[in-house]
>>> print(open('start-v1.txt').read())   # compact mmCIF, C-alpha atoms and all ligand atoms
# COMPACT_ATOMS: atom_id res chain seq x y z
CA MET A 1 92.62 101.42 134.77
CA LEU A 2 95.43 103.92 134.56
CA GLY A 3 98.76 102.52 135.64
CA VAL A 4 100.65 105.73 134.95
CA THR A 5 99.59 108.48 137.33
CA LEU A 6 99.10 111.83 135.69
CA THR A 7 99.01 115.12 137.55
CA ALA A 8 97.63 118.50 136.56
CA ALA A 9 101.18 119.53 135.72
CA ASP A 10 101.37 116.90 133.00
CA GLU A 11 100.51 119.02 130.06
CA CYS A 12 101.57 118.91 126.46
CA PRO A 13 104.70 121.02 125.89
CA ARG A 14 103.43 121.76 122.40
CA CYS A 15 99.76 122.71 122.85
CA HIS A 16 99.40 122.74 126.67
CA ASP A 17 96.44 120.35 126.66
CA PRO A 18 96.49 117.78 129.46
CA LEU A 19 98.31 114.55 128.62
CA VAL A 20 96.44 111.26 128.53
CA THR A 21 97.36 107.63 128.96
CA GLU A 22 95.79 104.20 128.52
CA ARG A 23 96.82 100.71 129.53
CA ASP A 24 99.91 101.78 131.48
CA ALA A 25 101.43 103.43 128.42
CA LEU A 26 103.67 106.47 128.69
CA PRO A 27 101.48 109.57 128.33
CA TRP A 28 100.88 111.47 125.13
CA CYS A 29 98.82 114.44 124.02
CA SER A 30 95.50 113.38 122.59
CA SER A 31 95.02 116.75 120.86
CA CYS A 32 98.25 117.13 118.88
CA GLU A 33 99.56 113.58 119.44
CA TRP A 34 102.83 114.80 120.93
CA ASN A 35 104.81 111.78 122.21
CA LEU A 36 102.47 109.25 120.62
CA GLU A 37 105.32 108.05 118.41
CA ARG A 38 107.17 106.97 121.55
CA TYR A 39 108.67 103.49 121.22
CA GLU A 40 107.80 101.25 124.15
CA PRO A 41 109.56 97.93 123.60
CA GLU A 42 107.90 96.30 126.60
CA ARG A 43 104.49 96.81 124.95
CA ARG A 44 105.47 95.11 121.70
CA ARG A 45 106.88 91.88 120.44
CA PRO A 46 110.44 92.40 119.18
CA GLU A 47 110.42 92.48 115.38
CA LEU A 48 113.94 91.93 114.18
CA GLY A 49 115.36 91.28 117.63
CA TRP A 50 118.00 94.03 117.75
CA PRO A 51 116.77 96.81 120.07
CA LEU A 52 118.30 99.68 118.12
CA VAL A 53 117.00 98.35 114.79
CA ASP A 54 113.54 97.69 116.25
CA ARG A 55 113.44 101.24 117.59
CA THR A 56 114.42 102.63 114.19
CA THR A 57 111.91 100.51 112.23
CA HIS A 58 109.21 101.56 114.70
CA ARG A 59 109.97 105.22 114.11
CA LEU A 60 109.99 104.71 110.35
CA ALA A 61 106.79 102.65 110.42
CA TYR A 62 105.06 105.31 112.54
CA ARG A 63 106.01 108.06 110.12
CA LEU A 64 105.02 106.05 107.04
CA ALA A 65 101.68 105.06 108.60
CA GLN A 66 100.90 108.67 109.51
CA ARG A 67 101.96 109.89 106.09
CA GLN A 68 99.82 107.27 104.35
CA PHE A 69 96.91 108.15 106.60
CA THR A 70 97.23 111.87 105.83
CA ALA A 71 97.51 111.17 102.10
CA LEU A 72 94.37 109.03 102.01
CA ALA A 73 92.18 110.60 104.72
CA GLY A 74 88.99 112.27 103.64
CA ARG A 75 88.97 111.00 100.06
CA PRO A 76 88.00 107.78 98.35
CA VAL A 77 91.00 105.44 98.10
CA GLY A 78 90.38 104.07 94.62
CA ARG A 79 91.86 100.97 93.09
CA PRO A 80 95.63 101.18 92.89
CA GLY A 81 97.16 101.16 89.44
CA TRP A 82 100.73 100.18 88.62
CA SER A 83 102.32 101.28 91.85
CA VAL A 84 106.09 101.27 92.35
CA ALA A 85 105.60 98.45 94.87
CA ARG A 86 103.83 96.32 92.28
CA ILE A 87 106.54 96.88 89.68
CA VAL A 88 109.34 96.12 92.17
CA LEU A 89 107.62 92.94 93.34
CA LEU A 90 106.86 91.72 89.84
CA PHE A 91 110.45 92.37 88.77
CA ALA A 92 111.73 90.52 91.84
CA ALA A 93 109.33 87.64 91.14
CA VAL A 94 110.62 87.26 87.58
CA VAL A 95 114.25 87.34 88.75
CA LEU A 96 113.55 84.80 91.51
CA LEU A 97 111.63 82.48 89.20
CA ALA A 98 114.46 82.69 86.63
CA GLY A 99 116.96 81.98 89.42
CA THR A 100 115.02 78.94 90.60
CA LEU A 101 114.77 77.62 87.04
CA ALA A 102 118.49 78.22 86.45
CA CYS A 103 119.23 76.34 89.68
CA LEU A 104 117.15 73.40 88.44
CA ALA A 105 118.69 73.43 84.96
CA PHE A 106 122.27 73.65 86.28
CA GLY A 107 121.56 70.89 88.78
CA ILE A 108 120.30 68.57 86.02
CA TYR A 109 123.30 69.48 83.85
CA LEU A 110 125.72 68.60 86.67
CA ILE A 111 124.00 65.27 87.29
CA ALA A 112 124.02 64.38 83.60
CA TYR A 113 127.58 65.57 82.88
CA HIS A 114 129.69 62.47 82.08
CA PHE A 115 127.23 60.55 84.27
CA PRO A 116 128.04 59.16 86.79
CA THR A 117 130.62 61.43 88.45
CA PHE A 118 130.89 63.04 91.88
CA LEU A 119 129.06 66.04 90.30
CA ILE A 120 125.86 64.13 91.07
CA ILE A 121 126.11 65.42 94.67
CA PRO A 122 126.12 69.19 93.98
CA GLY A 123 123.69 68.58 91.10
CA THR A 124 121.20 66.85 93.40
CA VAL A 125 121.57 69.60 96.00
CA LEU A 126 120.73 72.24 93.37
CA VAL A 127 117.71 70.27 92.13
CA LEU A 128 116.48 69.89 95.70
CA ILE A 129 116.92 73.62 96.37
CA ALA A 130 114.95 74.44 93.20
CA PHE A 131 112.25 72.00 94.33
CA ALA A 132 112.06 73.60 97.77
CA LEU A 133 111.76 77.07 96.22
CA ARG A 134 109.17 76.12 93.59
CA PRO A 135 106.23 78.50 93.49
CA ARG A 136 103.28 77.10 95.37
CA PHE A 137 99.67 78.06 95.55
CA PRO A 138 98.24 78.49 99.02
CA ARG A 139 95.95 75.70 100.16
CA LEU A 140 92.81 76.07 102.19
CA ASP A 141 93.70 76.22 105.88
CA PRO A 142 93.00 72.72 107.28
CA TYR A 143 91.33 74.30 110.32
CA ALA A 144 88.77 76.09 108.15
CA GLU A 145 85.54 74.16 107.64
CA PRO A 146 83.87 74.80 104.28
CA LEU A 147 80.11 75.20 104.44
CA THR A 148 77.48 74.31 101.86
CA ARG A 149 74.59 76.55 100.89
CA ASP A 150 72.19 74.06 102.46
CA GLN A 151 73.98 74.27 105.80
CA ALA A 152 73.94 78.07 105.97
CA PRO A 153 71.43 79.48 103.45
CA THR A 154 71.10 82.83 105.24
CA LEU A 155 74.86 83.43 105.35
CA PHE A 156 75.21 82.50 101.68
CA GLY A 157 72.31 84.81 100.80
CA VAL A 158 73.86 87.78 102.63
CA VAL A 159 77.25 87.11 101.06
CA ASP A 160 75.62 87.18 97.60
CA ARG A 161 73.96 90.50 98.34
CA VAL A 162 77.15 92.05 99.73
CA ALA A 163 79.22 90.78 96.77
CA ALA A 164 76.78 92.42 94.35
CA ALA A 165 76.87 95.66 96.37
CA VAL A 166 80.67 96.00 96.35
CA GLY A 167 81.06 94.71 92.79
CA ALA A 168 83.03 91.62 93.81
CA PRO A 169 82.66 88.12 92.43
CA PRO A 170 81.09 85.89 95.10
CA PRO A 171 83.45 83.47 96.87
CA GLN A 172 83.49 79.88 95.62
CA VAL A 173 84.10 78.59 99.14
CA ILE A 174 82.67 80.00 102.37
CA ALA A 175 84.31 78.50 105.42
CA ILE A 176 84.31 79.08 109.16
CA ASP A 177 86.98 78.65 111.80
CA ASP A 178 87.43 79.43 115.49
CA GLY A 179 89.68 82.49 115.20
CA PHE A 180 88.86 86.07 116.14
CA ASN A 181 89.44 86.92 112.53
CA ALA A 182 88.14 86.76 108.98
CA TRP A 183 90.04 86.43 105.72
CA ALA A 184 89.57 86.19 102.00
CA THR A 185 92.10 84.70 99.64
CA ALA A 186 92.59 82.68 96.46
CA CYS A 187 93.52 79.02 96.95
CA GLY A 188 94.94 76.30 94.76
CA ILE A 189 96.08 76.28 91.17
CA ARG A 190 92.57 77.22 90.06
CA ARG A 191 92.72 80.28 92.33
CA ARG A 192 89.40 79.52 94.00
CA ARG A 193 88.09 82.46 95.96
CA VAL A 194 87.75 81.53 99.62
CA LEU A 195 86.06 83.56 102.33
CA CYS A 196 86.65 82.35 105.89
CA LEU A 197 84.83 83.79 108.89
CA GLY A 198 86.00 83.22 112.44
CA LEU A 199 82.89 82.50 114.50
CA PRO A 200 84.11 84.37 117.62
CA LEU A 201 84.39 87.56 115.55
CA LEU A 202 81.20 87.01 113.55
CA GLY A 203 79.33 86.10 116.74
CA VAL A 204 79.97 89.40 118.56
CA LEU A 205 79.08 91.65 115.65
CA ARG A 206 75.82 93.54 115.24
CA PRO A 207 73.92 92.89 112.00
CA GLN A 208 75.25 95.87 110.01
CA GLU A 209 78.78 95.22 111.28
CA ARG A 210 78.50 91.72 109.85
CA VAL A 211 77.61 93.26 106.51
CA ALA A 212 80.57 95.64 106.79
CA LEU A 213 82.88 92.73 107.62
CA LEU A 214 81.66 90.80 104.58
CA GLY A 215 82.04 93.93 102.44
CA HIS A 216 85.63 94.33 103.64
CA GLU A 217 86.59 90.71 103.02
CA LEU A 218 84.89 90.45 99.62
CA GLY A 219 86.51 93.78 98.84
CA HIS A 220 89.80 91.90 98.83
CA PHE A 221 88.69 90.20 95.61
CA VAL A 222 88.54 93.58 93.85
CA ASN A 223 90.94 95.89 95.70
CA GLY A 224 94.00 94.94 93.68
CA ASP A 225 95.71 93.62 96.81
CA ILE A 226 99.18 92.71 95.58
CA ARG A 227 99.67 90.02 98.24
CA ARG A 228 97.13 87.90 96.43
CA GLY A 229 98.64 87.99 92.93
CA PRO A 230 100.33 84.68 92.04
CA LEU A 231 103.54 86.36 90.84
CA THR A 232 103.90 88.81 93.69
CA ARG A 233 103.41 85.94 96.12
CA VAL A 234 106.61 84.47 94.65
CA ALA A 235 108.42 87.72 95.46
CA LEU A 236 107.03 87.82 98.99
CA SER A 237 107.87 84.23 99.90
CA THR A 238 110.85 82.83 97.92
CA LEU A 239 113.71 84.65 99.65
CA GLY A 240 112.20 83.91 103.06
CA GLU A 241 112.09 80.22 102.17
CA LEU A 242 115.68 80.39 100.95
CA ALA A 243 116.81 82.00 104.22
CA GLU A 244 114.98 79.23 106.10
CA LEU A 245 116.67 76.63 103.92
CA LEU A 246 120.10 78.06 104.75
CA ARG A 247 119.40 78.10 108.48
CA PRO A 248 121.69 75.62 110.27
CA THR A 249 119.55 72.87 111.80
CA ARG A 250 121.51 72.84 115.05
CA ARG A 251 124.84 74.02 116.32
CA GLN A 252 127.14 71.21 115.41
CA PRO A 253 130.63 71.01 116.83
CA PHE A 254 133.34 70.99 114.22
CA SER A 255 133.71 67.44 113.07
CA GLY A 256 137.47 67.47 113.62
CA GLY A 257 139.77 65.61 111.27
CA GLY A 258 142.65 68.04 111.04
CA LEU A 259 143.26 71.68 110.31
CA VAL A 260 142.31 71.52 106.61
CA ASN A 261 138.91 70.06 107.42
CA ALA A 262 138.26 72.58 110.19
CA VAL A 263 139.19 75.52 107.93
CA SER A 264 137.02 74.28 105.05
CA GLU A 265 134.08 73.72 107.42
CA LEU A 266 134.50 77.18 108.87
CA LEU A 267 134.61 78.68 105.37
CA ALA A 268 131.46 76.77 104.37
CA ARG A 269 129.67 78.07 107.45
CA ILE A 270 130.75 81.65 106.75
CA VAL A 271 129.58 81.40 103.12
CA LEU A 272 126.22 79.94 104.20
CA SER A 273 125.77 82.65 106.86
CA VAL A 274 126.51 85.40 104.35
CA LEU A 275 124.09 83.86 101.80
CA ARG A 276 121.46 83.51 104.48
CA PHE A 277 121.91 87.10 105.60
CA LEU A 278 121.60 88.31 101.99
CA ALA A 279 118.45 86.22 101.38
CA TRP A 280 116.93 87.39 104.64
CA THR A 281 117.74 91.06 103.94
CA GLY A 282 116.20 90.76 100.48
CA HIS A 283 113.14 89.12 101.97
CA VAL A 284 112.71 91.85 104.57
CA LEU A 285 113.10 94.58 101.92
CA LEU A 286 110.52 92.99 99.59
CA LEU A 287 108.14 92.46 102.48
CA LEU A 288 108.57 96.08 103.40
CA VAL A 289 107.71 97.20 99.88
CA GLY A 290 104.72 94.84 99.72
CA GLN A 291 103.22 95.72 103.08
CA ARG A 292 102.97 99.43 102.25
CA ASP A 293 100.66 98.56 99.39
CA ALA A 294 98.89 95.91 101.45
CA GLN A 295 97.98 98.50 104.08
CA ARG A 296 96.58 100.74 101.39
CA ALA A 297 94.51 97.78 100.14
CA GLU A 298 93.10 97.38 103.65
CA TYR A 299 91.91 100.98 103.67
CA LEU A 300 90.22 100.37 100.33
CA ALA A 301 88.61 97.18 101.62
CA ASP A 302 87.31 99.20 104.59
CA GLU A 303 85.80 101.67 102.15
CA LEU A 304 83.95 98.79 100.48
CA GLY A 305 82.93 97.51 103.92
CA ALA A 306 81.41 100.94 104.59
CA ARG A 307 79.67 100.90 101.22
CA ALA A 308 77.96 97.61 102.08
CA GLY A 309 77.28 97.98 105.80
CA GLY A 310 77.36 101.77 106.15
CA SER A 311 80.14 103.98 107.53
CA THR A 312 78.83 103.84 111.10
CA ALA A 313 78.89 100.03 111.20
CA CYS A 314 82.30 99.94 109.53
CA THR A 315 83.71 102.31 112.18
CA THR A 316 82.30 100.32 115.10
CA LEU A 317 83.62 97.16 113.45
CA THR A 318 87.18 98.51 113.29
CA ASP A 319 86.77 99.80 116.86
CA ILE A 320 86.07 96.21 117.93
CA LEU A 321 89.55 95.47 116.60
CA VAL A 322 90.97 98.45 118.55
CA ALA A 323 89.70 96.77 121.73
CA GLU A 324 90.44 93.24 120.51
CA ASP A 325 92.07 92.12 123.78
CA VAL A 326 89.08 93.19 125.89
CA VAL A 327 86.62 91.68 123.42
CA THR A 328 88.38 88.31 123.19
CA MET A 329 88.60 88.20 126.99
CA MET A 330 84.81 88.73 127.18
CA ILE A 331 84.17 85.96 124.66
CA MET A 332 86.37 83.53 126.59
CA ARG A 333 84.64 84.40 129.85
CA GLU A 334 81.17 83.92 128.37
CA ALA A 335 82.20 80.70 126.62
CA ARG A 336 83.37 79.30 129.96
CA LEU A 337 80.00 80.24 131.45
CA GLY A 338 78.39 78.06 128.78
CA ARG A 339 77.03 80.97 126.71
CA GLY A 340 76.94 81.10 122.93
CA PRO A 341 77.03 84.05 120.51
CA ASP A 342 74.05 85.85 122.10
CA GLY A 343 75.89 85.90 125.42
CA TRP A 344 79.17 86.96 123.80
CA ARG A 345 77.41 89.80 122.00
CA ALA A 346 75.63 91.04 125.15
CA ALA A 347 78.89 91.06 127.12
CA VAL A 348 80.81 92.76 124.32
CA ASP A 349 78.04 95.37 123.92
CA GLN A 350 78.43 96.21 127.60
CA ALA A 351 82.19 96.47 127.24
CA ARG A 352 81.80 98.73 124.20
CA GLU A 353 79.54 101.04 126.20
CA ALA A 354 82.13 101.22 128.99
CA LEU A 355 85.00 101.83 126.55
CA LEU A 356 83.24 104.60 124.63
CA PRO A 357 84.75 107.54 126.60
CA ARG A 358 88.23 105.97 126.20
CA LEU A 359 87.88 105.23 122.52
CA ARG A 360 89.84 108.21 121.22
CA GLY A 361 92.79 107.33 123.45
CA LEU A 362 92.61 103.64 122.61
CA ARG A 363 92.55 104.38 118.89
CA GLN A 364 95.63 106.58 119.29
CA LEU A 365 97.46 104.05 121.44
CA SER A 366 96.83 101.34 118.83
CA VAL A 367 99.01 103.36 116.46
CA ARG A 368 101.94 103.37 118.91
CA ASP A 369 101.50 99.71 119.80
CA ARG A 370 100.69 98.11 116.48
CA VAL A 371 102.39 100.15 113.82
CA SER A 372 104.91 98.01 111.98
CA LEU A 373 106.79 97.93 108.71
CA PHE A 374 105.89 94.26 108.48
CA ALA A 375 102.20 94.48 109.36
CA SER A 376 99.72 93.62 106.63
CA HIS A 377 97.13 95.90 108.22
CA PRO A 378 97.29 99.53 109.36
CA PRO A 379 96.76 99.93 113.12
CA ALA A 380 93.03 99.44 113.85
CA GLY A 381 92.77 102.95 115.31
CA LEU A 382 93.88 104.50 112.03
CA ARG A 383 91.37 102.35 110.14
CA SER A 384 88.53 103.66 112.31
CA ARG A 385 89.69 107.21 111.88
CA MET A 386 90.03 106.71 108.12
CA VAL A 387 86.40 105.59 107.81
CA VAL A 388 85.31 108.56 109.96
CA SER A 389 87.36 110.95 107.81
CA ARG A 390 85.49 110.05 104.64
CA ILE A 391 82.05 111.19 103.52
CA SER A 392 79.60 109.05 105.48
CA GLN A 393 78.01 106.28 103.43
CA ALA A 394 74.56 104.85 104.08
CA PRO A 395 74.30 101.05 104.01
CA THR A 396 73.48 99.47 100.65
CA VAL A 397 72.81 96.05 102.18
CA TRP A 398 70.54 95.65 105.18
CA LEU A 399 70.61 92.70 107.51
CA SER A 400 67.68 92.63 109.93
CA GLU A 401 68.02 91.46 113.52
CA ALA A 402 65.78 88.50 112.68
CA GLU A 403 67.88 87.51 109.67
CA SER A 404 71.07 87.91 111.67
CA ALA A 405 69.66 85.65 114.39
CA ARG A 406 68.66 83.08 111.75
CA LEU A 407 72.23 83.18 110.41
CA ASP A 408 73.46 82.25 113.90
CA ASP A 409 70.80 79.56 114.33
CA GLU A 410 71.89 77.84 111.13
CA LEU A 411 75.43 77.69 112.52
CA ALA A 412 74.36 76.72 116.07
CA ASP A 413 76.25 73.38 116.08
CA ARG A 414 79.42 75.03 114.92
CA TYR A 415 79.13 77.85 117.44
CA GLU A 416 78.73 75.26 120.18
CA ARG A 417 81.85 73.45 119.03
CA VAL A 418 83.82 76.71 119.00
CA ARG A 419 82.40 77.62 122.41
CA ARG A 420 83.61 74.32 123.84
CA SER A 421 87.08 74.71 122.39
CA LEU A 422 87.29 78.31 123.70
CA ALA A 423 86.11 77.18 127.15
CA ALA A 424 88.71 74.42 127.15
CA GLY A 425 91.50 76.71 125.93
ZN ZN A 501 99.49 118.68 122.38
ZN ZN A 502 91.45 92.89 105.06
>>> encode(input="start-v1.txt", output="structure tokens")
Amino acid sequence: MLGVTLTAADECPRCHDPLVTERDALPWCSSCEWNLERYEPERRRPELGWPLVDRTTHRLAYRLAQRQFTALAGRPVGRPGWSVARIVLLFAAVVLLAGTLACLAFGIYLIAYHFPTFLIIPGTVLVLIAFALRPRFPRLDPYAEPLTRDQAPTLFGVVDRVAAAVGAPPPQVIAIDDGFNAWATACGIRRRRVLCLGLPLLGVLRPQERVALLGHELGHFVNGDIRRGPLTRVALSTLGELAELLRPTRRQPFSGGGLVNAVSELLARIVLSVLRFLAWTGHVLLLLVGQRDAQRAEYLADELGARAGGSTACTTLTDILVAEDVVTMMIMREARLGRGPDGWRAAVDQAREALLPRLRGLRQLSVRDRVSLFASHPPAGLRSRMVVSRISQAPTVWLSEAESARLDDELADRYERVRRSLAAG
């Protein structure tokens, strides 16, 4: 449905092709992409919350995304080496770790100095801050349910084949959850490789798209994704945690008690606000550096997805993400009608058919709507176009319809549970 009415006079001032629109967005030129970079705040969640800043970061993010796309389009991405982002993040991680340790050491020193003195109070605060900022290893999401090979032999078998095809070590844990998503990460101090598949996403995919999805996710174990390194994680999280720590819990009125007290409280608040602002700014800058590389890693993972499932399946997989809102709506509707993955897939296949003529526009609009300096993924439309831009790869792993159906059958109980929770939600 077009909410913005276009007339014959609405042509591109640059190339004179007719303008297009989708989903009530302000029109743009689908040939030369004039006006696609337009910032439409009402179509996005505010990022930093200041309109002028959000507009500026959008413009910057759009340019960086387009530049990265142009730099990588049409050629294999390749594993990143020692990028500037990696060096910056590692350096920041070392500084932050040293800072946390210094905080701990100084705290202990203050507590122990001529023990016991009033220095115990600042000493304890410093020790607690160091404790709060200690590096942590991510744990397995409590909502993800790990599966055993006996419970899902077909899924485990396909994952093994895809891992071999993309040259990735197989995951040590395969889990499922009820998100329209899939992720791969390393958990715990032993850095166990975890692959988690959201059943709503897995359920709507065609067999080769499932292979491409597995190829993409397992690709994260070999694509040098800097978000997953233990040290760079420190850089990407510590300052954010510090800013959180310095956030006032609630607006407290000044406690009174005379002018001296009021002035010292005001000063303390100003110092805390400045520290918090500095920590937050540092966090945003590091995130910014990290996400550029992360987006590149996603393109590489897509390349591995195409190697496993074939370029065609990888493109239609990323196009499912372009139309994510329509697809999730279909799944919800079918779940409420009591239908499982077969029903979801049939409905989504119909929607895909209907969306086909609009796909070019939807891919383009996803760039305007989803581009962000803080996004871990490039806009889905650029991912599709990136796969299309490269030399087409034939699948190296085949999943037959029968095998794909068996994979679903083995997970039938879990699908039913997800269906019920979707129907209830
Ligand atoms: Zn144009
Ligand atoms: Zn990914």
>>> residues_around(input="start-v1.txt", residues="region 384-396 of chain A", least_positions_apart="3", cutoff="9 Å", atoms="all atoms listed in the file", output="ChimeraX atom specification")
/A:69,72-76,162,165,208,211-212,299,302-303,306-319,322,363,380-381
>>> residues_near_ligand(input="start-v1.txt", ligand="ligand ZN 501 (chain A)", cutoff="9 Å", atoms="all atoms listed in the file", output="ChimeraX atom specification")
/A:11-19,28-35
>>> write_last_selection(input="start-v1.txt", atoms="C-alpha atoms", output="PDB file, keeping the file's coordinate frame")
ATOM      1  CA  GLU A  11     100.510 119.020 130.060  1.00  0.00           C
ATOM      2  CA  CYS A  12     101.570 118.910 126.460  1.00  0.00           C
ATOM      3  CA  PRO A  13     104.700 121.020 125.890  1.00  0.00           C
ATOM      4  CA  ARG A  14     103.430 121.760 122.400  1.00  0.00           C
ATOM      5  CA  CYS A  15      99.760 122.710 122.850  1.00  0.00           C
ATOM      6  CA  HIS A  16      99.400 122.740 126.670  1.00  0.00           C
ATOM      7  CA  ASP A  17      96.440 120.350 126.660  1.00  0.00           C
ATOM      8  CA  PRO A  18      96.490 117.780 129.460  1.00  0.00           C
ATOM      9  CA  LEU A  19      98.310 114.550 128.620  1.00  0.00           C
ATOM     10  CA  TRP A  28     100.880 111.470 125.130  1.00  0.00           C
ATOM     11  CA  CYS A  29      98.820 114.440 124.020  1.00  0.00           C
ATOM     12  CA  SER A  30      95.500 113.380 122.590  1.00  0.00           C
ATOM     13  CA  SER A  31      95.020 116.750 120.860  1.00  0.00           C
ATOM     14  CA  CYS A  32      98.250 117.130 118.880  1.00  0.00           C
ATOM     15  CA  GLU A  33      99.560 113.580 119.440  1.00  0.00           C
ATOM     16  CA  TRP A  34     102.830 114.800 120.930  1.00  0.00           C
ATOM     17  CA  ASN A  35     104.810 111.780 122.210  1.00  0.00           C
TER      18      ASN A  35
END
>>> residues_near_ligand(input="start-v1.txt", ligand="ligand ZN 502 (chain A)", cutoff="7 Å", atoms="only C-alpha atoms and all ligand atoms", output="ChimeraX atom specification")
/A:183,216-217,220,298,301
>>> closest_residue(input="start-v1.txt", among="A:Phe156, A:Phe106, A:Tyr113, A:Phe221", to="Leu126 (chain A)", atoms="all atoms listed in the file")
A:Phe106
>>> closest_residue(input="start-v1.txt", among="A:Ser404, A:Thr154, A:Thr124, A:Thr148", to="Ala175 (chain A)", atoms="only C-alpha atoms")
A:Thr148
>>> atom_distance(input="start-v1.txt", atom1="CA of Arg38 (chain A)", atom2="CA of Leu26 (chain A)")
8.0 Å
>>> axis_aligned_box(input="start-v1.txt", around="region 393-406 of chain A", padding_each_side="8 Å", output="lines of an AutoDock Vina configuration file")
center_x = 71.9
center_y = 94.7
center_z = 107.5
size_x = 28.2
size_y = 39.2
size_z = 29.7
>>> closest_residue(input="start-v1.txt", among="A:Arg86, A:His114, A:Arg192, A:Arg333", to="Phe137 (chain A)", atoms="all atoms listed in the file")
A:Arg192
>>> closest_residue(input="start-v1.txt", among="A:Leu199, A:Thr21, A:Ile111, A:Pro378", to="Gly179 (chain A)", atoms="only C-alpha atoms")
A:Leu199
>>> atom_distance(input="start-v1.txt", atom1="CA of Pro170 (chain A)", atom2="CA of Phe374 (chain A)")
29.4 Å
>>> atom_distance(input="start-v1.txt", atom1="CA of Glu265 (chain A)", atom2="CA of Pro122 (chain A)")
16.3 Å
>>> residues_around(input="start-v1.txt", residues="region 354-362 of chain A", least_positions_apart="3", cutoff="7 Å", atoms="all atoms listed in the file", output="PDB file with C-alpha atoms, in the coordinates of the input")
ATOM      1  CA  GLU A  22      95.790 104.200 128.520  1.00  0.00           C
ATOM      2  CA  SER A  30      95.500 113.380 122.590  1.00  0.00           C
ATOM      3  CA  VAL A 322      90.970  98.450 118.550  1.00  0.00           C
ATOM      4  CA  GLN A 350      78.430  96.210 127.600  1.00  0.00           C
ATOM      5  CA  ALA A 351      82.190  96.470 127.240  1.00  0.00           C
ATOM      6  CA  LEU A 365      97.460 104.050 121.440  1.00  0.00           C
ATOM      7  CA  SER A 366      96.830 101.340 118.830  1.00  0.00           C
TER       8      SER A 366
END
>>> residues_around(input="start-v1.txt", residues="Ile176 (chain A)", least_positions_apart="6", cutoff="6 Å", atoms="all atoms listed in the file", output="PDB file with C-alpha atoms, in the frame of the given file")
ATOM      1  CA  ALA A 144      88.770  76.090 108.150  1.00  0.00           C
ATOM      2  CA  GLU A 145      85.540  74.160 107.640  1.00  0.00           C
ATOM      3  CA  CYS A 196      86.650  82.350 105.890  1.00  0.00           C
ATOM      4  CA  LEU A 197      84.830  83.790 108.890  1.00  0.00           C
ATOM      5  CA  GLY A 198      86.000  83.220 112.440  1.00  0.00           C
TER       6      GLY A 198
END
>>> residues_around(input="start-v1.txt", residues="region 336-346 of chain A", least_positions_apart="2", cutoff="10 Å", atoms="all atoms listed in the file", output="PyMOL selection string")
chain A and resi 199-206+327-328+330-334+348-352+405+408-409+412+415-425
>>> closest_residue(input="start-v1.txt", among="A:Arg370, A:Ala375, A:Gln66, A:Val53", to="Gln295 (chain A)", atoms="all atoms listed in the file")
A:Ala375
>>> closest_residue(input="start-v1.txt", among="A:Pro171, A:Gly99, A:Gly305, A:Pro41", to="Glu209 (chain A)", atoms="all atoms listed in the file")
A:Gly305
>>> decode(input="start-v1.txt", residues="region 341-366 of chain A", atoms="C-alpha atoms", output="compact mmCIF listing (two decimals), in the first residue's frame")
# COMPACT_ATOMS: atom_id res chain seq x y z
CA PRO A 341 5.99 -24.50 10.58
CA ASP A 342 4.39 -25.95 7.41
CA GLY A 343 1.61 -23.38 7.68
CA TRP A 344 4.04 -20.55 8.46
CA ARG A 345 6.16 -21.48 5.45
CA ALA A 346 3.17 -21.67 3.08
CA ALA A 347 1.92 -18.24 4.20
CA VAL A 348 5.38 -16.69 3.99
CA ASP A 349 5.92 -18.21 0.52
CA GLN A 350 2.73 -16.49 -0.62
CA ALA A 351 3.86 -13.20 0.88
CA ARG A 352 7.25 -13.52 -0.81
CA GLU A 353 5.53 -14.02 -4.16
CA ALA A 354 3.43 -10.89 -3.60
CA LEU A 355 6.45 -8.84 -2.48
CA LEU A 356 8.65 -9.83 -5.41
CA PRO A 357 7.84 -6.80 -7.63
CA ARG A 358 8.47 -4.49 -4.63
CA LEU A 359 11.69 -6.12 -3.57
CA ARG A 360 14.07 -3.60 -5.12
CA GLY A 361 12.30 -0.74 -3.38
CA LEU A 362 12.09 -2.58 -0.07
CA ARG A 363 15.79 -3.40 -0.17
CA GLN A 364 16.57 0.27 -0.80
CA LEU A 365 14.22 1.49 1.91
CA SER A 366 15.85 -0.86 4.43
